[in-house]
$ cat final31.cif   # mmCIF, C-alpha atoms
data_entry
loop_
_atom_site.label_atom_id
_atom_site.label_comp_id
_atom_site.auth_asym_id
_atom_site.auth_seq_id
_atom_site.Cartn_x
_atom_site.Cartn_y
_atom_site.Cartn_z
CA MET A 108 112.31 69.99 92.50
CA TYR A 109 109.74 72.29 94.10
CA GLY A 110 106.89 73.76 92.12
CA PRO A 111 105.53 71.18 89.67
CA THR A 112 104.98 72.68 86.26
CA ASP A 113 101.98 72.48 83.99
CA PRO A 114 102.42 72.22 80.20
CA ARG A 115 100.36 75.41 79.89
CA ASP A 116 103.01 77.31 81.89
CA VAL A 117 105.08 77.76 78.73
CA GLU A 118 102.16 79.54 77.03
CA LEU A 119 101.68 81.62 80.18
CA ALA A 120 105.37 82.53 80.38
CA CYS A 121 105.43 83.67 76.74
CA LEU A 122 102.27 85.73 77.33
CA LEU A 123 103.93 87.45 80.30
CA LEU A 124 107.19 88.21 78.51
CA ASP A 125 105.85 89.18 75.09
CA HIS A 126 102.42 90.72 75.77
CA SER A 127 102.56 91.93 79.38
CA VAL A 128 106.06 93.34 80.04
CA LYS A 129 107.35 93.25 76.44
CA ALA A 130 110.86 92.20 77.50
CA LYS A 131 113.61 93.37 75.16
CA LYS A 132 117.15 92.18 74.55
CA GLY A 133 119.59 93.42 77.19
CA GLU A 134 116.91 94.43 79.72
CA VAL A 135 116.90 93.13 83.28
CA VAL A 136 113.76 91.13 84.02
CA MET A 137 113.14 90.56 87.73
CA ILE A 138 111.23 87.30 88.21
CA HIS A 139 109.86 87.41 91.75
CA GLY A 140 108.38 84.19 93.08
CA VAL A 141 106.57 84.25 96.42
CA GLY A 142 106.23 80.72 97.76
CA LEU A 143 108.07 77.57 96.73
CA ASP A 144 105.17 76.44 94.50
CA THR A 145 106.13 79.20 92.05
CA LEU A 146 109.60 77.79 91.34
CA GLY A 147 108.52 75.72 88.33
CA LEU A 148 107.03 78.71 86.49
CA CYS A 149 109.98 80.85 87.62
CA SER A 150 112.34 78.32 86.01
CA ILE A 151 110.43 78.47 82.73
CA LEU A 152 110.45 82.28 82.84
CA VAL A 153 114.22 82.32 83.43
CA ARG A 154 114.70 80.06 80.41
CA GLU A 155 112.36 82.02 78.14
CA THR A 156 113.81 85.37 79.25
CA ALA A 157 117.33 84.21 78.39
CA LYS A 158 116.13 82.92 75.01
CA ARG A 159 114.98 86.47 74.20
CA GLY A 160 118.37 87.95 75.06
CA ALA A 161 117.03 89.66 78.17
CA ILE A 162 118.69 89.24 81.57
CA PRO A 163 116.71 87.12 84.08
CA PHE A 164 117.11 87.97 87.76
CA LEU A 165 115.37 85.46 90.05
CA LYS A 166 114.16 86.59 93.48
CA LEU A 167 112.43 83.92 95.55
CA ASP A 168 110.63 84.72 98.82
CA GLU A 169 109.00 82.28 101.24
CA PRO A 170 106.18 83.94 103.26
CA SER A 171 107.00 82.05 106.47
CA VAL A 172 110.53 83.49 106.31
CA THR A 173 109.17 86.97 105.60
CA ARG A 174 106.98 86.56 108.67
CA ASP A 175 110.08 85.91 110.78
CA LEU A 176 111.69 89.02 109.31
CA VAL A 177 108.73 91.28 110.13
CA LEU A 178 108.31 89.73 113.57
CA ASN A 179 111.95 90.22 114.57
CA GLY A 180 113.07 93.20 112.50
CA SER A 181 113.73 96.71 113.76
CA GLU A 182 113.31 100.02 111.97
CA ALA A 183 117.02 99.96 111.10
CA VAL A 184 116.62 96.47 109.59
CA PHE A 185 113.63 97.51 107.47
CA LYS A 186 115.44 100.66 106.32
CA GLY A 187 118.48 98.66 105.28
CA LEU A 188 116.34 96.08 103.46
CA GLY A 189 114.43 98.83 101.69
CA GLU A 190 117.62 100.54 100.51
CA PHE A 191 119.06 97.27 99.17
CA GLU A 192 115.85 96.21 97.41
CA LEU A 193 115.33 99.71 96.01
CA ALA A 194 118.74 99.63 94.33
CA ALA A 195 117.87 96.28 92.71
CA MET A 196 114.47 97.55 91.56
CA LYS A 197 116.07 100.66 90.04
CA ALA A 198 118.22 98.37 87.89
CA THR A 199 115.11 96.47 86.74
CA LYS A 200 113.28 97.26 83.49
CA CYS A 201 110.63 94.51 83.67
CA TYR A 202 109.11 92.93 86.77
CA ILE A 203 107.06 89.73 86.88
CA GLY A 204 105.67 88.87 90.31
CA ILE A 205 104.22 85.38 90.90
CA ARG A 206 102.33 84.81 94.13
CA GLY A 207 102.00 81.21 95.25
CA ALA A 208 102.03 81.12 99.05
CA ALA A 209 101.00 77.87 100.68
CA ASN A 210 99.15 79.91 103.33
CA ILE A 211 97.77 83.34 102.44
CA PHE A 212 97.20 84.03 106.15
CA GLU A 213 100.92 83.76 106.98
CA SER A 214 101.12 87.44 107.96
CA SER A 215 98.17 87.21 110.34
CA GLY A 216 98.74 88.50 113.86
CA LEU A 217 102.00 90.33 113.21
CA PRO A 218 102.65 93.36 115.46
CA LYS A 219 100.94 96.46 114.13
CA GLN A 220 104.00 98.69 114.56
CA ASN A 221 106.31 96.23 112.81
CA MET A 222 103.93 95.97 109.83
CA LYS A 223 103.74 99.75 109.63
CA LEU A 224 107.53 100.08 109.57
CA TYR A 225 107.88 97.25 107.01
CA ASN A 226 105.29 98.91 104.76
CA GLU A 227 106.88 102.33 105.20
CA HIS A 228 110.48 101.35 104.48
CA TYR A 229 110.06 98.44 102.05
CA VAL A 230 106.60 98.07 100.50
CA LYS A 231 105.96 101.74 99.76
CA PRO A 232 109.34 102.86 98.34
CA VAL A 233 110.24 99.63 96.56
CA MET A 234 106.90 98.28 95.35
CA LEU A 235 104.43 101.18 95.27
CA GLU A 236 106.82 103.94 94.24
CA GLN A 237 109.66 102.37 92.21
CA ARG A 238 108.22 99.14 90.81
CA VAL A 239 104.76 100.46 89.96
CA LYS A 240 105.94 103.79 88.57
CA HIS A 241 109.21 102.95 86.87
CA THR A 242 109.11 99.38 85.54
CA ARG A 243 107.01 97.49 83.02
CA TRP A 244 105.42 95.15 85.51
CA CYS A 245 102.91 92.33 85.73
CA VAL A 246 101.75 90.32 88.73
CA LEU A 247 99.86 87.04 88.89
CA ARG A 248 99.05 84.10 91.16
CA TYR A 249 100.04 80.48 90.65
CA PRO A 250 97.31 77.77 90.86
CA ASN A 251 98.58 75.83 93.86
CA SER A 252 96.58 73.88 96.43
CA SER A 253 96.06 76.98 98.57
CA MET A 254 94.29 78.81 95.75
CA ALA A 255 92.20 75.75 94.92
CA GLN A 256 91.08 75.56 98.55
CA LEU A 257 90.04 79.21 98.53
CA ALA A 258 87.99 78.54 95.41
CA GLN A 259 86.61 75.38 97.10
CA GLN A 260 87.64 73.25 94.13
CA SER A 261 90.01 70.37 93.44
CA ARG A 262 93.40 71.49 92.20
CA GLU A 263 92.75 69.92 88.79
CA THR A 264 89.39 71.69 88.41
CA PHE A 265 90.84 74.96 89.59
CA ALA A 266 93.78 74.68 87.19
CA GLU A 267 91.34 74.35 84.27
CA PHE A 268 89.62 77.53 85.47
CA TYR A 269 92.91 79.30 86.06
CA TYR A 270 94.40 78.81 82.61
CA ARG A 271 91.05 79.59 80.97
CA VAL A 272 90.72 82.98 82.68
CA CYS A 273 94.42 83.86 82.45
CA CYS A 274 94.86 83.12 78.76
CA VAL A 275 91.80 84.92 77.38
CA ASP A 276 91.87 86.83 74.09
CA TYR A 277 93.46 90.02 75.42
CA ALA A 278 93.75 91.57 71.97
CA ALA A 279 89.96 91.44 71.55
CA MET A 280 89.44 92.67 75.12
CA GLU A 281 91.79 95.60 74.55
CA LYS A 282 89.82 96.69 71.47
CA ALA A 283 86.44 96.30 73.21
CA CYS A 284 87.64 98.41 76.16
CA ARG A 285 88.49 101.51 74.11
CA PRO A 286 84.95 102.96 74.15
CA LEU A 287 84.80 102.58 77.94
CA LYS A 288 88.06 104.49 78.34
CA LYS A 289 86.77 107.21 76.03
CA LEU A 290 83.54 107.50 78.03
CA MET A 291 85.30 107.53 81.42
CA ASP A 292 87.74 110.20 80.24
CA LYS A 293 84.90 112.61 79.50
CA THR A 294 82.73 111.72 82.51
CA LYS A 295 82.43 114.10 85.44
CA ASP A 296 80.10 112.49 87.98
CA VAL A 297 79.75 108.83 89.00
CA HIS A 298 76.87 107.37 91.00
CA LEU A 299 76.98 103.78 92.28
CA LYS A 300 73.73 102.18 93.45
CA GLY A 301 72.85 98.75 94.82
CA PRO A 302 72.09 96.86 98.04
CA GLY A 303 73.87 98.73 100.83
CA THR A 304 75.38 101.15 98.31
CA ASP A 305 74.55 104.72 97.37
CA LEU A 306 77.80 106.51 96.55
CA LYS A 307 78.58 109.62 94.52
CA PHE A 308 81.92 111.08 93.44
CA SER A 309 83.70 112.89 90.62
CA ILE A 310 86.35 111.57 88.22
CA LYS A 311 86.56 114.82 86.25
CA GLY A 312 89.99 115.50 84.78
CA ILE A 313 91.51 112.17 85.86
CA LYS A 314 92.60 109.74 83.12
CA SER A 315 91.30 106.21 82.85
CA ILE A 316 93.53 103.24 82.08
CA PRO A 317 92.22 100.13 80.27
CA CYS A 318 93.82 96.88 81.39
CA ALA A 319 93.93 93.87 79.08
CA GLY A 320 96.87 91.72 80.15
CA SER A 321 99.49 94.43 80.61
CA HIS A 322 99.90 94.62 84.42
CA ASN A 323 97.81 91.76 85.77
CA ILE A 324 97.16 88.18 84.70
CA PRO A 325 94.27 87.53 84.64
CA ASP A 326 93.04 90.93 83.54
CA GLY A 327 89.91 92.78 82.52
CA GLU A 328 89.29 96.19 84.06
CA CYS A 329 89.40 99.91 83.36
CA PHE A 330 90.54 102.05 86.28
CA THR A 331 90.74 105.69 87.23
CA ALA A 332 90.65 107.56 90.55
CA PRO A 333 88.05 109.75 92.20
CA VAL A 334 88.74 113.41 92.91
CA ARG A 335 90.16 112.97 96.40
CA ASN A 336 87.59 114.93 98.43
CA SER A 337 84.55 114.28 96.24
CA ILE A 338 83.18 111.00 97.64
CA ASN A 339 79.99 111.08 99.67
CA GLY A 340 77.59 108.31 100.66
CA HIS A 341 78.07 104.67 101.55
CA VAL A 342 79.14 101.43 99.90
CA THR A 343 79.05 97.73 100.77
CA PHE A 344 81.70 95.45 99.27
CA ASN A 345 79.94 92.09 99.04
CA THR A 346 82.97 89.92 98.27
CA PRO A 347 85.37 88.45 100.87
CA THR A 348 88.89 89.84 101.05
CA VAL A 349 92.17 89.31 102.89
CA TYR A 350 94.51 92.08 103.98
CA GLU A 351 97.59 91.82 106.21
CA GLY A 352 96.68 88.20 106.92
CA THR A 353 93.14 88.94 108.16
CA ALA A 354 89.95 87.81 106.41
CA PHE A 355 87.15 90.36 105.97
CA ASP A 356 83.56 90.00 104.76
CA ASN A 357 80.90 92.52 103.74
CA ILE A 358 82.95 95.63 104.45
CA HIS A 359 80.72 98.69 104.73
CA LEU A 360 82.21 102.18 104.41
CA ARG A 361 80.61 105.60 104.83
CA TYR A 362 82.28 108.65 103.30
CA GLU A 363 82.10 112.36 103.93
CA ASN A 364 84.02 114.64 101.56
CA GLY A 365 86.26 111.80 100.42
CA LYS A 366 87.17 110.40 103.84
CA VAL A 367 85.99 107.14 105.41
CA VAL A 368 84.21 108.29 108.58
CA GLU A 369 82.70 104.89 109.40
CA ALA A 370 84.12 101.44 108.59
CA ARG A 371 82.51 98.13 109.54
CA GLY A 372 83.28 94.47 108.89
CA ALA A 373 81.09 91.42 109.40
CA SER A 374 82.10 91.12 113.08
CA ASP A 375 83.42 93.28 115.91
CA ALA A 376 86.87 91.71 115.48
CA GLN A 377 86.87 92.51 111.76
CA THR A 378 85.71 96.07 112.44
CA LYS A 379 88.50 96.62 114.97
CA LYS A 380 91.20 95.29 112.61
CA LEU A 381 89.74 97.22 109.66
CA ASN A 382 90.00 100.51 111.53
CA GLU A 383 93.51 99.71 112.72
CA ILE A 384 94.59 99.34 109.08
CA LEU A 385 92.83 102.56 108.08
CA ASP A 386 94.50 104.47 110.91
CA GLN A 387 98.04 103.76 109.63
CA ASP A 388 98.19 107.18 107.94
CA GLU A 389 95.87 109.92 106.71
CA GLY A 390 95.67 108.67 103.13
CA ALA A 391 94.46 105.20 104.14
CA ARG A 392 90.94 106.57 104.68
CA TYR A 393 90.80 108.11 101.20
CA VAL A 394 90.37 106.35 97.85
CA GLY A 395 93.21 105.96 95.36
CA GLU A 396 91.42 103.93 92.68
CA PHE A 397 88.00 103.25 91.15
CA ALA A 398 87.65 100.53 88.51
CA ILE A 399 85.10 98.53 86.53
CA GLY A 400 85.74 94.78 86.04
CA PHE A 401 84.70 92.74 82.98
CA ASN A 402 86.63 89.48 82.61
CA PRO A 403 83.92 87.18 81.18
CA GLU A 404 85.41 83.99 82.65
CA ILE A 405 85.62 85.18 86.29
CA LYS A 406 82.22 84.89 87.94
CA PHE A 407 82.83 84.29 91.66
CA ALA A 408 85.02 85.64 94.44
CA MET A 409 87.75 83.60 96.11
CA ARG A 410 89.60 86.02 98.44
CA ASP A 411 92.26 86.64 95.81
CA ILE A 412 92.20 90.23 94.64
CA LEU A 413 93.99 89.67 91.33
CA PHE A 414 91.05 87.49 90.32
CA ASP A 415 88.23 89.09 92.30
CA GLU A 416 88.77 92.65 91.03
CA LYS A 417 88.33 91.41 87.43
CA ILE A 418 84.97 89.67 88.04
CA GLY A 419 82.60 90.35 85.18
CA GLY A 420 79.85 92.69 86.40
CA SER A 421 81.87 94.12 89.31
CA PHE A 422 83.44 97.38 90.38
CA HIS A 423 86.18 97.92 92.93
CA MET A 424 87.71 100.76 94.89
CA ALA A 425 91.12 100.88 96.56
CA LEU A 426 91.73 102.67 99.81
CA GLY A 427 95.12 104.35 100.01
CA GLN A 428 97.84 105.03 97.46
CA CYS A 429 96.79 106.17 93.99
CA TYR A 430 98.59 105.24 90.78
CA GLU A 431 100.77 107.82 89.07
CA GLU A 432 98.85 107.39 85.80
CA THR A 433 95.61 108.34 87.55
CA GLU A 434 96.97 110.91 89.98
CA ASN A 435 94.57 112.25 92.62
CA ASN A 436 97.30 113.24 95.11
CA ASN A 437 96.43 110.59 97.70
CA ARG A 438 99.43 109.09 99.47
CA SER A 439 99.48 106.10 101.81
CA VAL A 440 101.48 103.01 102.76
CA ILE A 441 98.46 100.86 101.82
CA HIS A 442 96.62 100.12 98.59
CA TRP A 443 93.67 97.89 99.47
CA ASP A 444 91.25 96.86 96.72
CA MET A 445 87.67 96.03 97.75
CA VAL A 446 85.18 94.50 95.30
CA CYS A 447 81.43 94.73 94.80
CA ILE A 448 79.62 92.38 92.39
CA GLN A 449 76.51 93.94 90.84
CA ARG A 450 75.11 91.02 88.89
CA LYS A 451 71.40 90.31 89.24
CA GLU A 452 71.84 87.04 91.12
CA VAL A 453 73.56 88.85 94.01
CA GLY A 454 71.17 91.79 94.21
CA GLY A 455 72.08 93.82 91.15
CA GLY A 456 73.02 97.46 91.00
CA GLU A 457 73.75 100.34 88.66
CA ILE A 458 76.72 102.41 87.51
CA ILE A 459 75.60 105.87 86.43
CA PHE A 460 77.80 108.34 84.54
CA ASP A 461 76.60 111.97 84.45
CA GLY A 462 73.03 110.90 85.15
CA LYS A 463 72.89 108.07 82.58
CA VAL A 464 72.94 104.36 83.45
CA ILE A 465 75.86 102.68 81.67
CA ARG A 466 75.66 99.29 83.39
CA LYS A 467 72.72 97.62 85.13
CA ASP A 468 72.82 94.35 87.09
CA GLY A 469 76.35 93.70 85.80
CA ILE A 470 75.45 94.10 82.10
CA PHE A 471 76.54 97.12 80.05
CA VAL A 472 73.48 98.87 78.60
CA HIS A 473 75.29 101.81 76.99
CA PRO A 474 75.31 101.01 73.23
CA ASP A 475 79.04 101.70 72.85
CA LEU A 476 79.96 99.33 75.69
CA LYS A 477 78.04 96.16 74.84
CA GLY A 478 81.20 94.64 73.35
CA LEU A 479 82.44 94.21 76.93
CA ASN A 480 79.53 92.03 78.00
CA PRO A 481 80.30 88.34 78.69
CA ASP A 482 78.45 87.03 75.64
CA ALA A 483 80.34 89.37 73.29
CA LEU A 484 83.83 88.73 74.72
CA SER A 485 83.28 84.96 74.96
CA LYS A 486 82.02 84.89 71.36
CA LYS A 487 85.12 86.70 70.13
CA LYS A 488 87.34 84.24 71.96
CA SER A 489 85.46 81.26 70.51
CA VAL A 490 85.73 82.64 66.97
CA ARG A 491 89.46 83.24 67.34
CA ARG A 492 90.04 79.75 68.72
CA ALA A 493 88.05 78.28 65.83
CA LYS A 494 90.21 80.15 63.33
CA LYS A 495 93.37 78.87 65.06
CA SER A 496 92.01 75.31 64.85
CA VAL A 497 91.37 75.72 61.12
CA ARG A 498 94.93 77.00 60.60
CA ARG A 499 96.37 74.05 62.51
CA ALA A 500 94.28 71.63 60.43
CA LYS A 501 95.67 73.13 57.25
#
$ encode --input "final31.cif" --output "structure tokens"
Amino acid sequence: MYGPTDPRDVELACLLLDHSVKAKKGEVVMIHGVGLDTLGLCSILVRETAKRGAIPFLKLDEPSVTRDLVLNGSEAVFKGLGEFELAAMKATKCYIGIRGAANIFESSGLPKQNMKLYNEHYVKPVMLEQRVKHTRWCVLRYPNSSMAQLAQQSRETFAEFYYRVCCVDYAAMEKACRPLKKLMDKTKDVHLKGPGTDLKFSIKGIKSIPCAGSHNIPDGECFTAPVRNSINGHVTFNTPTVYEGTAFDNIHLRYENGKVVEARGASDAQTKKLNEILDQDEGARYVGEFAIGFNPEIKFAMRDILFDEKIGGSFHMALGQCYEETENNNRSVIHWDMVCIQRKEVGGGEIIFDGKVIRKDGIFVHPDLKGLNPDALSKKKSVRRAKKSVRRAK
């Protein structure tokens, strides 16, 4: 059988069903595996979903096949696919997406027009509009060889890291995040400073959403959105990223009144591709999300956004589509998260709310937020594990 399982996958599956999407009896749970390596976890999720009286619906995609679809499809094909998939997503109450492609660059080099049509007729209506807005959803990666290579680790070493960061104490994290949400909700002006970064914008009147295992595994962020036309200045995202099958490094963006007016990558080729992506529609050059990351166990970037955007001591911004919960009226076929680490060892930086520094060099200095620092969250996890060990011994 494809997709070897790990004994810890049962714990992960239960976390996804009970904590993340809160699957209930009689509800349809779409289990979407991308890549054959995900089949083992998908099988466990099907079993555990059925045990709970919910209805498992397995959807398995292979990226090399999807590449053939995008390469050879027409607008009529993408429209038909979108309509079919949209009907299935409308029948879905809970969505669990597991990404485990053997090659994350499988979509590299696809025709620009075909990708635009695929995004317009499938990705945007099915995933960004219906799935994100109308299901209880959670997405995660699976620790296959491809991910281990990106992290430059053996698969065994990476698996230890993976299960450690994915199965953190989300209950403690959720409690520690409440003061940050409260502060963000009443903040008007944000100022980001650091090497290659001096950016100002407003988040006035836009809600913030704390994330502690509900929509992503691993998790650890609090996100909002900037007022669409308020961003001015420049920012350098110092972590590597991959989008539409192309690798990017050290993306530098300059904003005027909310719009990206200059975009550069680490090379001329990257800069050309970057601007092609941002020219897909008007909203692609505006920001749909701003977030602060604080997972204490994630300390390095590995070109995987579900991990990288949660790095402790980081912030990230997403070009393109905003989330309904943090509406800023930006619409786009893309949603591209870019991450900046502000820890001291990579140059440091500051996050300033209404003129007051709340985090410096990746460490929260605001007295109400110190519970989100790595030492505090790791300590809480250690205490809870110790208590569990005592209960088992008894």
$ resolve_selection --input "final31.cif" --expression "the PyMOL selection byres ((chain A and resi 180-190) around 8)" --output "list of chain:residue names"
A:Leu176, A:Val177, A:Leu178, A:Asn179, A:Phe191, A:Glu192, A:Leu193, A:Ala194, A:Asn221, A:Leu224, A:Tyr225, A:His228, A:Tyr229, A:Val230, A:Pro232, A:Val233
$ resolve_selection --input "final31.cif" --expression "the PyMOL selection byres ((chain A and resi 414-426) around 6)" --output "ChimeraX atom specification"
/A:327-328,391,393-403,405-406,408,411-413,427,442-450,469
$ atom_distance --input "final31.cif" --atom1 "CA of Ala376 in chain A" --atom2 "CA of Glu389 in chain A"
22.1 Å
$ closest_residue --input "final31.cif" --among "A:Glu118, A:Glu431, A:Asp296, A:Asp276" --to "Glu404 in chain A" --atoms "all atoms listed in the file"
A:Asp276
$ atom_distance --input "final31.cif" --atom1 "CA of Glu213 in chain A" --atom2 "CA of Ser127 in chain A"
28.8 Å
$ resolve_selection --input "final31.cif" --expression "the PyMOL selection byres ((chain A and resi 156) around 12)" --output "PyMOL selection string"
chain A and resi 117+120-125+128-138+148-155+157-165+201-203
$ decode --input "final31.cif" --residues "range 221-244 of chain A" --atoms "N, CA and C atoms" --output "mmCIF file, in the first residue's frame"
data_model
loop_
_atom_site.group_PDB
_atom_site.id
_atom_site.type_symbol
_atom_site.label_atom_id
_atom_site.label_comp_id
_atom_site.auth_asym_id
_atom_site.auth_seq_id
_atom_site.Cartn_x
_atom_site.Cartn_y
_atom_site.Cartn_z
ATOM 1 N N ASN A 221 -3.002 29.230 -18.889
ATOM 2 C CA ASN A 221 -3.680 28.049 -18.353
ATOM 3 C C ASN A 221 -3.789 28.112 -16.832
ATOM 4 N N MET A 222 -2.701 28.543 -16.163
ATOM 5 C CA MET A 222 -2.729 28.668 -14.703
ATOM 6 C C MET A 222 -3.756 29.707 -14.270
ATOM 7 N N LYS A 223 -3.840 30.793 -15.009
ATOM 8 C CA LYS A 223 -4.806 31.843 -14.674
ATOM 9 C C LYS A 223 -6.228 31.310 -14.765
ATOM 10 N N LEU A 224 -6.530 30.571 -15.848
ATOM 11 C CA LEU A 224 -7.870 30.017 -16.019
ATOM 12 C C LEU A 224 -8.176 28.959 -14.964
ATOM 13 N N TYR A 225 -7.196 28.117 -14.635
ATOM 14 C CA TYR A 225 -7.366 27.096 -13.591
ATOM 15 C C TYR A 225 -7.655 27.757 -12.241
ATOM 16 N N ASN A 226 -6.888 28.796 -11.917
ATOM 17 C CA ASN A 226 -7.111 29.525 -10.660
ATOM 18 C C ASN A 226 -8.482 30.198 -10.652
ATOM 19 N N GLU A 227 -8.855 30.778 -11.777
ATOM 20 C CA GLU A 227 -10.108 31.528 -11.863
ATOM 21 C C GLU A 227 -11.333 30.636 -11.742
ATOM 22 N N HIS A 228 -11.300 29.468 -12.375
ATOM 23 C CA HIS A 228 -12.498 28.624 -12.434
ATOM 24 C C HIS A 228 -12.520 27.485 -11.419
ATOM 25 N N TYR A 229 -11.367 27.158 -10.854
ATOM 26 C CA TYR A 229 -11.331 26.088 -9.839
ATOM 27 C C TYR A 229 -10.847 26.592 -8.485
ATOM 28 N N VAL A 230 -9.616 27.083 -8.410
ATOM 29 C CA VAL A 230 -9.029 27.436 -7.121
ATOM 30 C C VAL A 230 -9.845 28.510 -6.395
ATOM 31 N N LYS A 231 -10.172 29.581 -7.096
ATOM 32 C CA LYS A 231 -10.879 30.681 -6.425
ATOM 33 C C LYS A 231 -12.292 30.299 -5.974
ATOM 34 N N PRO A 232 -13.173 29.806 -6.873
ATOM 35 C CA PRO A 232 -14.536 29.513 -6.410
ATOM 36 C C PRO A 232 -14.643 28.332 -5.461
ATOM 37 N N VAL A 233 -13.831 27.294 -5.684
ATOM 38 C CA VAL A 233 -13.963 26.081 -4.872
ATOM 39 C C VAL A 233 -13.205 26.197 -3.561
ATOM 40 N N MET A 234 -11.928 26.609 -3.639
ATOM 41 C CA MET A 234 -11.082 26.623 -2.451
ATOM 42 C C MET A 234 -11.153 27.941 -1.676
ATOM 43 N N LEU A 235 -10.959 29.055 -2.365
ATOM 44 C CA LEU A 235 -10.898 30.343 -1.664
ATOM 45 C C LEU A 235 -12.272 30.849 -1.245
ATOM 46 N N GLU A 236 -13.287 30.596 -2.071
ATOM 47 C CA GLU A 236 -14.611 31.126 -1.750
ATOM 48 C C GLU A 236 -15.460 30.130 -0.955
ATOM 49 N N GLN A 237 -15.634 28.911 -1.464
ATOM 50 C CA GLN A 237 -16.526 27.962 -0.794
ATOM 51 C C GLN A 237 -15.856 27.263 0.382
ATOM 52 N N ARG A 238 -14.706 26.646 0.155
ATOM 53 C CA ARG A 238 -14.065 25.879 1.236
ATOM 54 C C ARG A 238 -13.673 26.761 2.398
ATOM 55 N N VAL A 239 -12.986 27.869 2.126
ATOM 56 C CA VAL A 239 -12.499 28.732 3.199
ATOM 57 C C VAL A 239 -13.655 29.377 3.957
ATOM 58 N N LYS A 240 -14.683 29.799 3.230
ATOM 59 C CA LYS A 240 -15.746 30.592 3.856
ATOM 60 C C LYS A 240 -16.888 29.764 4.436
ATOM 61 N N HIS A 241 -17.064 28.537 3.945
ATOM 62 C CA HIS A 241 -18.287 27.829 4.302
ATOM 63 C C HIS A 241 -18.085 26.412 4.837
ATOM 64 N N THR A 242 -16.845 26.025 5.141
ATOM 65 C CA THR A 242 -16.623 24.746 5.802
ATOM 66 C C THR A 242 -15.757 24.961 7.038
ATOM 67 N N ARG A 243 -15.799 23.978 7.934
ATOM 68 C CA ARG A 243 -14.807 23.949 9.021
ATOM 69 C C ARG A 243 -13.610 23.184 8.459
ATOM 70 N N TRP A 244 -12.527 23.888 8.203
ATOM 71 C CA TRP A 244 -11.446 23.302 7.433
ATOM 72 C C TRP A 244 -10.121 23.345 8.179
#
